[in-house]
Amino acid sequence: MPHGVWLLALALVALTFIAYQPVWRAGFIWDDNDHLTANPAMIAPHGLRMIWSSLAVSRYYPLTLTSFWVQRQLWGLNPMPYHLVNVALHAINGMLVFFLLRRLRVPAAWLAAMLWVLHPVNVESVAWITELKNTQSGFFFFLSLLCFLLPDADKKPGWYALAIVFGLAAMLSKPSTVVLPLVLLLCVWWKRGHWNRTDFVRTAPFFGLAAGMSALTIIEQRGHVLRAGATDWQLGPAERLIVAGKAIWFYAAKVLWPVRLTFVYPRWAVDSWSLWSWVPTVALVAVAVTLWRCRSRAWCRAVLFGGGFFVAALLPVLGFFDIFYFRYSFVADHFQYLACVGLIALAASTGTAICERGGRWARDLGMLAAAIVLLILGVSTWRQARIYENLETLWLDTLTKNPRCWLAHNNLGNVLLQQGKISDALGHYEQALRLEPDRAETQINLGNVSFQQGRVNDALGYYEQALRLKPDYAEAHNNLGIALAQMGKTADAIAHYEQALRIKPDYADAHNSLGIALARTGKIEDAIAHYEQALRFNPDYAEAHCNLGNVFWQQGKVSEAVGHYEQALALKPDYAEAHNNLGIALARTGRIKEAITHYEQALRINSDYPEALNNLAWLLATRPPAESGNAARAVALAEQVCRLTGNQVATDLDTLAAAYAAAGRFDDAVTTAQKAVALARSGDQPGLAGKIESRLQLYRNGHAYRQPADATKLPPVN
């Protein structure tokens, strides 16, 4: 290639990375977890087999998921490399668009490629990690077209075979590329003006691949649609035609005037009895018929080709087939990643032709106009990319442009809840419920808030309503089980956990919840099996490691317990409970200084953690100063925990009495121990009362209590 082309290619890549600079350090958003961060296939021992053999692993685009799998092995869950891969693929696709348009002898091929690369309507596809589906499938889609359209490719089986391979790779990366054979025929028509029998023979394998992938996709989407609830897709043929006509004009408008782009557009109400509803579809048909009748004219032929490419690439997402995303909106920017090439190329070539006819002055003016448009598009892309920084910026921007988006209210509530902003989260959940009262997702989120606030009965009501709306909602069954367990209804809780696992066998949270319930009923081996299942489906599940450590501790397998507590902390260093339980296990093995370190760490994370306060105070009070004892600190910690528990917990008062005795305050120790004995007896804890009474005699005789290293308290099972 000429050096000038390489310089232009370098400029295209550089401008792409500059325009998308805001996403370099962006995070994961929305369903990135379904495809990558929480997808069990990404970390399972046989993950690749799961990806290629099952329609249940997120969605069936196995080549894209394989790319995610490879990247997960390379850089884990650092989002930056994933974003850079998407940006790089988009830049490469821009060069492929240039080569394709030049092969088709479309005027202003380089301008069209630059316009496409910098167009803000593509930000959603590039800035959203999940949409590697688009950038990767586009890469193979354009390569397939180029190989098929090479001169004499029909006489060179190697190029033709590559076209088929790349076409298959495109479809396995994203099923909507099944439109490839239609686009191939359209390109042949553009080059030659007609089709012959050979053209249909050469595209037959592509149609075969498209038919197979279409069948798989329909099966997969039908499963997701049915699980989500059929009411979102009750559209008849007339309504689908209306949606398709309106969607085509909507996408064209966003290409030509890309303002107020948003992540979720309002979902249209469709009324087939309204004449106005049919205007877009009728207008589209009228335009198409007019253009076809005057196709002998050069400009009509160009519009037919550019517009035909645009419509053909949109066919799978125009509403003729049920797509899960349609429950939120009938249109989305990422649906037209490939399609908008047609309109952009048409606009670029039309503008160039007009300027060429106007002479040198018009050409110079056209070049200036093109530079200004590219600058505007680049700045718009940079600004649009900023909203993908994190979930909060994404949903706030969505609500600014689409205030009635129940999904944005619901998901922003989730973000705020994770930040501890419970009242703000509750406000967004309630707004989502007002907008869409029959959404099970909102019901379950309101239940989660109620549960966190201690309103367990209210939480039960929300979870039960979620199940009335969506009986096979695994998360609702799991959360209802947790609420029932909180109320002491363990058998009912277990039934709901088991139902959640029947619906979703790889549901790690439900396995963990069921393990907790089984451990509490004494079925330790069954509990261990479910904790191990939770870790099989989610090896990064710190809570499951901690709970597995608890049951091993109960079995006296201290080294195994220590190992799982340490794994939990390696995954989640700020896990206060794991620090506390590891401290107990280490103290039992005589590693006192290490135990103290972990208790202290638990309290740095949560200064009002009663168990850690009590355990550290007990250890400092019952060890001599030479062995890390510290009576003054023990008194302070024990008094703090007793304030937190209202002096109503016998074990806390027992610790405070031991601390007073260690500090030489024997009268306070006696008084406090007597209160502890009374509480233990009233609480039907005769064994504990007896132990405190034996220590009480020491305090009366002016002696502190010194505990053997292996007489520590057991950690709770959570």
# chains A, B, ... in the order shown; residues from 1 in each chain; ligands from 1

$ residues_around --residues "stretch 94-105 of chain A" --least-positions-apart "5" --cutoff "6 Å" --atoms "only C-alpha atoms" --output "list in words"
Trp110, Ala113, Val117 and Leu146 of chain A

$ residues_around --residues "A:Phe335" --least-positions-apart "2" --cutoff "9 Å" --atoms "only C-alpha atoms" --output "PDB file with N, CA and C atoms, in the first residue's frame"
ATOM      1  N   SER A 125     -21.277   0.614  21.638  1.00  0.00           N
ATOM      2  CA  SER A 125     -20.660  -0.649  21.223  1.00  0.00           C
ATOM      3  C   SER A 125     -19.200  -0.740  21.640  1.00  0.00           C
ATOM      4  N   ASN A 134     -20.041  -6.808  19.259  1.00  0.00           N
ATOM      5  CA  ASN A 134     -20.114  -5.980  18.059  1.00  0.00           C
ATOM      6  C   ASN A 134     -18.755  -5.777  17.414  1.00  0.00           C
ATOM      7  N   SER A 176     -26.565 -11.728  15.153  1.00  0.00           N
ATOM      8  CA  SER A 176     -27.240 -10.804  14.242  1.00  0.00           C
ATOM      9  C   SER A 176     -26.493 -10.633  12.926  1.00  0.00           C
ATOM     10  N   LEU A 314     -29.968  -4.193   9.835  1.00  0.00           N
ATOM     11  CA  LEU A 314     -30.861  -4.004  10.985  1.00  0.00           C
ATOM     12  C   LEU A 314     -31.941  -5.082  11.096  1.00  0.00           C
ATOM     13  N   VAL A 317     -32.981  -6.984  14.317  1.00  0.00           N
ATOM     14  CA  VAL A 317     -33.325  -6.240  15.537  1.00  0.00           C
ATOM     15  C   VAL A 317     -34.463  -5.252  15.302  1.00  0.00           C
ATOM     16  N   VAL A 331     -35.323  -0.064  20.653  1.00  0.00           N
ATOM     17  CA  VAL A 331     -34.152   0.430  19.916  1.00  0.00           C
ATOM     18  C   VAL A 331     -32.979   0.595  20.882  1.00  0.00           C
ATOM     19  N   ALA A 332     -31.766   0.491  20.344  1.00  0.00           N
ATOM     20  CA  ALA A 332     -30.552   0.708  21.132  1.00  0.00           C
ATOM     21  C   ALA A 332     -29.426   1.062  20.175  1.00  0.00           C
ATOM     22  N   ASP A 333     -28.540   1.943  20.607  1.00  0.00           N
ATOM     23  CA  ASP A 333     -27.445   2.362  19.730  1.00  0.00           C
ATOM     24  C   ASP A 333     -26.605   1.188  19.262  1.00  0.00           C
ATOM     25  N   TYR A 337     -24.488  -0.857  14.992  1.00  0.00           N
ATOM     26  CA  TYR A 337     -23.031  -0.721  14.841  1.00  0.00           C
ATOM     27  C   TYR A 337     -22.599  -0.988  13.398  1.00  0.00           C
ATOM     28  N   LEU A 338     -23.041  -2.073  12.816  1.00  0.00           N
ATOM     29  CA  LEU A 338     -22.698  -2.386  11.424  1.00  0.00           C
ATOM     30  C   LEU A 338     -23.576  -1.623  10.443  1.00  0.00           C
ATOM     31  N   ALA A 339     -24.850  -1.498  10.778  1.00  0.00           N
ATOM     32  CA  ALA A 339     -25.812  -0.921   9.838  1.00  0.00           C
ATOM     33  C   ALA A 339     -25.473   0.511   9.455  1.00  0.00           C
TER      34      ALA A 339
END

$ select_by_dssp --residues "stretch 424-527 of chain A" --states "helix (DSSP H, G or I)" --output "short mmCIF file (atom, residue, chain, number, x, y, z; two decimals) with N, CA and C atoms, in the first residue's frame"
data_model
loop_
_atom_site.label_atom_id
_atom_site.label_comp_id
_atom_site.auth_asym_id
_atom_site.auth_seq_id
_atom_site.Cartn_x
_atom_site.Cartn_y
_atom_site.Cartn_z
N ASP A 424 -31.81 6.92 49.65
CA ASP A 424 -31.77 7.29 48.23
C ASP A 424 -32.13 6.10 47.35
N ALA A 425 -31.59 4.93 47.71
CA ALA A 425 -31.91 3.72 46.95
C ALA A 425 -33.41 3.43 47.01
N LEU A 426 -33.97 3.56 48.19
CA LEU A 426 -35.40 3.29 48.37
C LEU A 426 -36.25 4.21 47.50
N GLY A 427 -35.83 5.48 47.40
CA GLY A 427 -36.57 6.42 46.56
C GLY A 427 -36.59 6.00 45.10
N HIS A 428 -35.48 5.51 44.60
CA HIS A 428 -35.43 5.07 43.19
C HIS A 428 -36.21 3.78 42.99
N TYR A 429 -36.15 2.87 43.96
CA TYR A 429 -36.95 1.65 43.84
C TYR A 429 -38.44 1.97 43.80
N GLU A 430 -38.85 2.88 44.65
CA GLU A 430 -40.27 3.23 44.70
C GLU A 430 -40.71 3.92 43.41
N GLN A 431 -39.82 4.74 42.84
CA GLN A 431 -40.14 5.36 41.55
C GLN A 431 -40.24 4.31 40.45
N ALA A 432 -39.34 3.33 40.46
CA ALA A 432 -39.41 2.24 39.49
C ALA A 432 -40.71 1.47 39.63
N LEU A 433 -41.15 1.27 40.87
CA LEU A 433 -42.39 0.54 41.11
C LEU A 433 -43.60 1.33 40.62
N ARG A 434 -43.58 2.65 40.78
CA ARG A 434 -44.68 3.47 40.28
C ARG A 434 -44.76 3.43 38.75
N LEU A 435 -43.59 3.40 38.11
CA LEU A 435 -43.56 3.38 36.65
C LEU A 435 -43.97 2.02 36.09
N ALA A 440 -40.82 -7.84 38.71
CA ALA A 440 -40.37 -8.64 39.86
C ALA A 440 -39.03 -8.14 40.39
N GLU A 441 -38.18 -7.62 39.49
CA GLU A 441 -36.86 -7.15 39.92
C GLU A 441 -36.98 -6.04 40.96
N THR A 442 -37.94 -5.12 40.76
CA THR A 442 -38.12 -4.02 41.71
C THR A 442 -38.66 -4.55 43.03
N GLN A 443 -39.57 -5.50 42.97
CA GLN A 443 -40.12 -6.08 44.20
C GLN A 443 -39.02 -6.71 45.05
N ILE A 444 -38.12 -7.41 44.40
CA ILE A 444 -37.08 -8.08 45.17
C ILE A 444 -36.10 -7.07 45.75
N ASN A 445 -35.84 -5.98 45.03
CA ASN A 445 -34.94 -4.96 45.55
C ASN A 445 -35.55 -4.23 46.74
N LEU A 446 -36.84 -3.96 46.68
CA LEU A 446 -37.52 -3.37 47.84
C LEU A 446 -37.48 -4.34 49.02
N GLY A 447 -37.59 -5.62 48.72
CA GLY A 447 -37.45 -6.62 49.78
C GLY A 447 -36.07 -6.60 50.41
N ASN A 448 -35.04 -6.43 49.59
CA ASN A 448 -33.68 -6.39 50.11
C ASN A 448 -33.46 -5.20 51.03
N VAL A 449 -34.03 -4.03 50.65
CA VAL A 449 -33.91 -2.85 51.51
C VAL A 449 -34.62 -3.09 52.83
N SER A 450 -35.82 -3.63 52.76
CA SER A 450 -36.58 -3.91 53.99
C SER A 450 -35.82 -4.87 54.89
N PHE A 451 -35.20 -5.88 54.29
CA PHE A 451 -34.46 -6.86 55.07
C PHE A 451 -33.26 -6.20 55.77
N GLN A 452 -32.56 -5.34 55.04
CA GLN A 452 -31.41 -4.65 55.63
C GLN A 452 -31.84 -3.74 56.78
N VAL A 456 -38.28 -7.62 58.48
CA VAL A 456 -38.28 -8.92 57.82
C VAL A 456 -39.65 -9.27 57.25
N ASN A 457 -40.71 -8.94 57.98
CA ASN A 457 -42.06 -9.25 57.47
C ASN A 457 -42.36 -8.49 56.18
N ASP A 458 -41.93 -7.22 56.12
CA ASP A 458 -42.12 -6.46 54.88
C ASP A 458 -41.32 -7.09 53.74
N ALA A 459 -40.10 -7.52 54.06
CA ALA A 459 -39.26 -8.16 53.04
C ALA A 459 -39.94 -9.41 52.51
N LEU A 460 -40.53 -10.20 53.41
CA LEU A 460 -41.24 -11.41 52.97
C LEU A 460 -42.34 -11.06 51.98
N GLY A 461 -43.09 -9.99 52.26
CA GLY A 461 -44.17 -9.59 51.37
C GLY A 461 -43.67 -9.25 49.97
N TYR A 462 -42.56 -8.51 49.91
CA TYR A 462 -42.01 -8.14 48.60
C TYR A 462 -41.49 -9.38 47.85
N TYR A 463 -40.80 -10.27 48.55
CA TYR A 463 -40.28 -11.47 47.89
C TYR A 463 -41.43 -12.35 47.38
N GLU A 464 -42.47 -12.48 48.18
CA GLU A 464 -43.61 -13.29 47.75
C GLU A 464 -44.31 -12.67 46.55
N GLN A 465 -44.39 -11.33 46.53
CA GLN A 465 -44.99 -10.66 45.37
C GLN A 465 -44.14 -10.87 44.13
N ALA A 466 -42.81 -10.83 44.30
CA ALA A 466 -41.91 -11.08 43.16
C ALA A 466 -42.16 -12.46 42.59
N LEU A 467 -42.40 -13.44 43.46
CA LEU A 467 -42.65 -14.81 42.99
C LEU A 467 -44.03 -14.96 42.38
N ARG A 468 -44.98 -14.16 42.82
CA ARG A 468 -46.29 -14.20 42.16
C ARG A 468 -46.17 -13.66 40.73
N LEU A 469 -45.34 -12.63 40.56
CA LEU A 469 -45.14 -12.06 39.23
C LEU A 469 -44.28 -12.95 38.35
N ALA A 474 -35.23 -17.31 40.47
CA ALA A 474 -34.34 -18.00 41.41
C ALA A 474 -33.88 -17.08 42.54
N GLU A 475 -33.55 -15.85 42.21
CA GLU A 475 -33.06 -14.92 43.25
C GLU A 475 -34.14 -14.65 44.29
N ALA A 476 -35.40 -14.55 43.86
CA ALA A 476 -36.49 -14.31 44.81
C ALA A 476 -36.64 -15.50 45.75
N HIS A 477 -36.53 -16.70 45.23
CA HIS A 477 -36.59 -17.89 46.09
C HIS A 477 -35.44 -17.88 47.10
N ASN A 478 -34.25 -17.55 46.65
CA ASN A 478 -33.09 -17.53 47.55
C ASN A 478 -33.26 -16.48 48.65
N ASN A 479 -33.67 -15.28 48.27
CA ASN A 479 -33.79 -14.21 49.25
C ASN A 479 -34.96 -14.45 50.21
N LEU A 480 -36.04 -15.04 49.69
CA LEU A 480 -37.15 -15.42 50.57
C LEU A 480 -36.68 -16.46 51.57
N GLY A 481 -35.85 -17.38 51.10
CA GLY A 481 -35.30 -18.37 52.02
C GLY A 481 -34.46 -17.74 53.12
N ILE A 482 -33.66 -16.75 52.77
CA ILE A 482 -32.83 -16.06 53.77
C ILE A 482 -33.71 -15.38 54.81
N ALA A 483 -34.80 -14.73 54.35
CA ALA A 483 -35.70 -14.05 55.28
C ALA A 483 -36.39 -15.07 56.21
N LEU A 484 -36.81 -16.19 55.64
CA LEU A 484 -37.45 -17.22 56.46
C LEU A 484 -36.46 -17.80 57.48
N ALA A 485 -35.23 -17.98 57.07
CA ALA A 485 -34.21 -18.48 58.00
C ALA A 485 -34.00 -17.50 59.14
N GLN A 486 -34.05 -16.20 58.83
CA GLN A 486 -33.91 -15.17 59.86
C GLN A 486 -35.02 -15.28 60.89
N THR A 490 -36.43 -22.65 59.35
CA THR A 490 -35.34 -23.24 58.58
C THR A 490 -35.84 -24.20 57.50
N ALA A 491 -36.84 -25.02 57.84
CA ALA A 491 -37.34 -26.00 56.87
C ALA A 491 -37.93 -25.30 55.64
N ASP A 492 -38.71 -24.23 55.88
CA ASP A 492 -39.28 -23.47 54.75
C ASP A 492 -38.17 -22.81 53.94
N ALA A 493 -37.14 -22.31 54.64
CA ALA A 493 -36.02 -21.68 53.95
C ALA A 493 -35.33 -22.69 53.03
N ILE A 494 -35.09 -23.88 53.55
CA ILE A 494 -34.42 -24.91 52.75
C ILE A 494 -35.23 -25.24 51.50
N ALA A 495 -36.55 -25.29 51.64
CA ALA A 495 -37.40 -25.59 50.48
C ALA A 495 -37.22 -24.54 49.38
N HIS A 496 -37.11 -23.28 49.76
CA HIS A 496 -36.93 -22.22 48.76
C HIS A 496 -35.53 -22.24 48.16
N TYR A 497 -34.51 -22.55 48.97
CA TYR A 497 -33.17 -22.66 48.41
C TYR A 497 -33.12 -23.79 47.37
N GLU A 498 -33.76 -24.90 47.69
CA GLU A 498 -33.76 -26.04 46.77
C GLU A 498 -34.52 -25.70 45.49
N GLN A 499 -35.61 -24.91 45.63
CA GLN A 499 -36.36 -24.50 44.44
C GLN A 499 -35.50 -23.57 43.57
N ALA A 500 -34.77 -22.67 44.20
CA ALA A 500 -33.88 -21.78 43.45
C ALA A 500 -32.86 -22.59 42.66
N LEU A 501 -32.34 -23.66 43.26
CA LEU A 501 -31.34 -24.49 42.58
C LEU A 501 -31.95 -25.37 41.51
N ARG A 502 -33.21 -25.71 41.64
CA ARG A 502 -33.87 -26.44 40.55
C ARG A 502 -34.00 -25.54 39.32
N ILE A 503 -34.28 -24.26 39.57
CA ILE A 503 -34.41 -23.30 38.47
C ILE A 503 -33.06 -22.97 37.88
N ALA A 508 -24.57 -19.92 42.67
CA ALA A 508 -23.63 -20.06 43.78
C ALA A 508 -24.21 -19.54 45.09
N ASP A 509 -24.93 -18.42 45.06
CA ASP A 509 -25.50 -17.85 46.28
C ASP A 509 -26.49 -18.81 46.93
N ALA A 510 -27.30 -19.47 46.11
CA ALA A 510 -28.28 -20.41 46.67
C ALA A 510 -27.58 -21.62 47.28
N HIS A 511 -26.51 -22.10 46.64
CA HIS A 511 -25.74 -23.20 47.24
C HIS A 511 -25.17 -22.77 48.59
N ASN A 512 -24.65 -21.57 48.67
CA ASN A 512 -24.09 -21.07 49.93
C ASN A 512 -25.18 -20.94 50.99
N SER A 513 -26.33 -20.37 50.60
CA SER A 513 -27.44 -20.20 51.55
C SER A 513 -27.93 -21.56 52.06
N LEU A 514 -28.05 -22.52 51.15
CA LEU A 514 -28.50 -23.85 51.55
C LEU A 514 -27.47 -24.50 52.47
N GLY A 515 -26.19 -24.28 52.18
CA GLY A 515 -25.14 -24.81 53.06
C GLY A 515 -25.27 -24.27 54.47
N ILE A 516 -25.55 -22.97 54.61
CA ILE A 516 -25.73 -22.36 55.94
C ILE A 516 -26.88 -23.02 56.68
N ALA A 517 -28.02 -23.18 55.98
CA ALA A 517 -29.20 -23.78 56.62
C ALA A 517 -28.94 -25.21 57.04
N LEU A 518 -28.28 -25.97 56.18
CA LEU A 518 -27.99 -27.37 56.51
C LEU A 518 -27.02 -27.47 57.68
N ALA A 519 -26.05 -26.56 57.74
CA ALA A 519 -25.10 -26.57 58.86
C ALA A 519 -25.83 -26.30 60.17
N ARG A 520 -26.80 -25.43 60.14
CA ARG A 520 -27.54 -25.10 61.36
C ARG A 520 -28.43 -26.25 61.83
N ILE A 524 -23.83 -31.47 58.49
CA ILE A 524 -22.56 -30.84 58.15
C ILE A 524 -22.02 -31.30 56.80
N GLU A 525 -22.08 -32.60 56.55
CA GLU A 525 -21.54 -33.10 55.28
C GLU A 525 -22.30 -32.56 54.08
N ASP A 526 -23.63 -32.48 54.22
CA ASP A 526 -24.43 -31.89 53.14
C ASP A 526 -24.09 -30.41 52.97
N ALA A 527 -23.87 -29.72 54.09
CA ALA A 527 -23.49 -28.31 54.02
C ALA A 527 -22.17 -28.14 53.28
#

$ closest_residue --among "A:Phe207, A:Phe666, A:Tyr265, A:Trp6" --to "A:Asn701" --atoms "only C-alpha atoms"
A:Phe666

$ closest_residue --among "A:Leu149, A:Val243, A:Leu12, A:Ile592" --to "A:Arg202" --atoms "only C-alpha atoms"
A:Leu149

$ closest_residue --among "A:Arg260, A:Arg591, A:Arg404, A:Arg665" --to "A:His703" --atoms "only C-alpha atoms"
A:Arg665
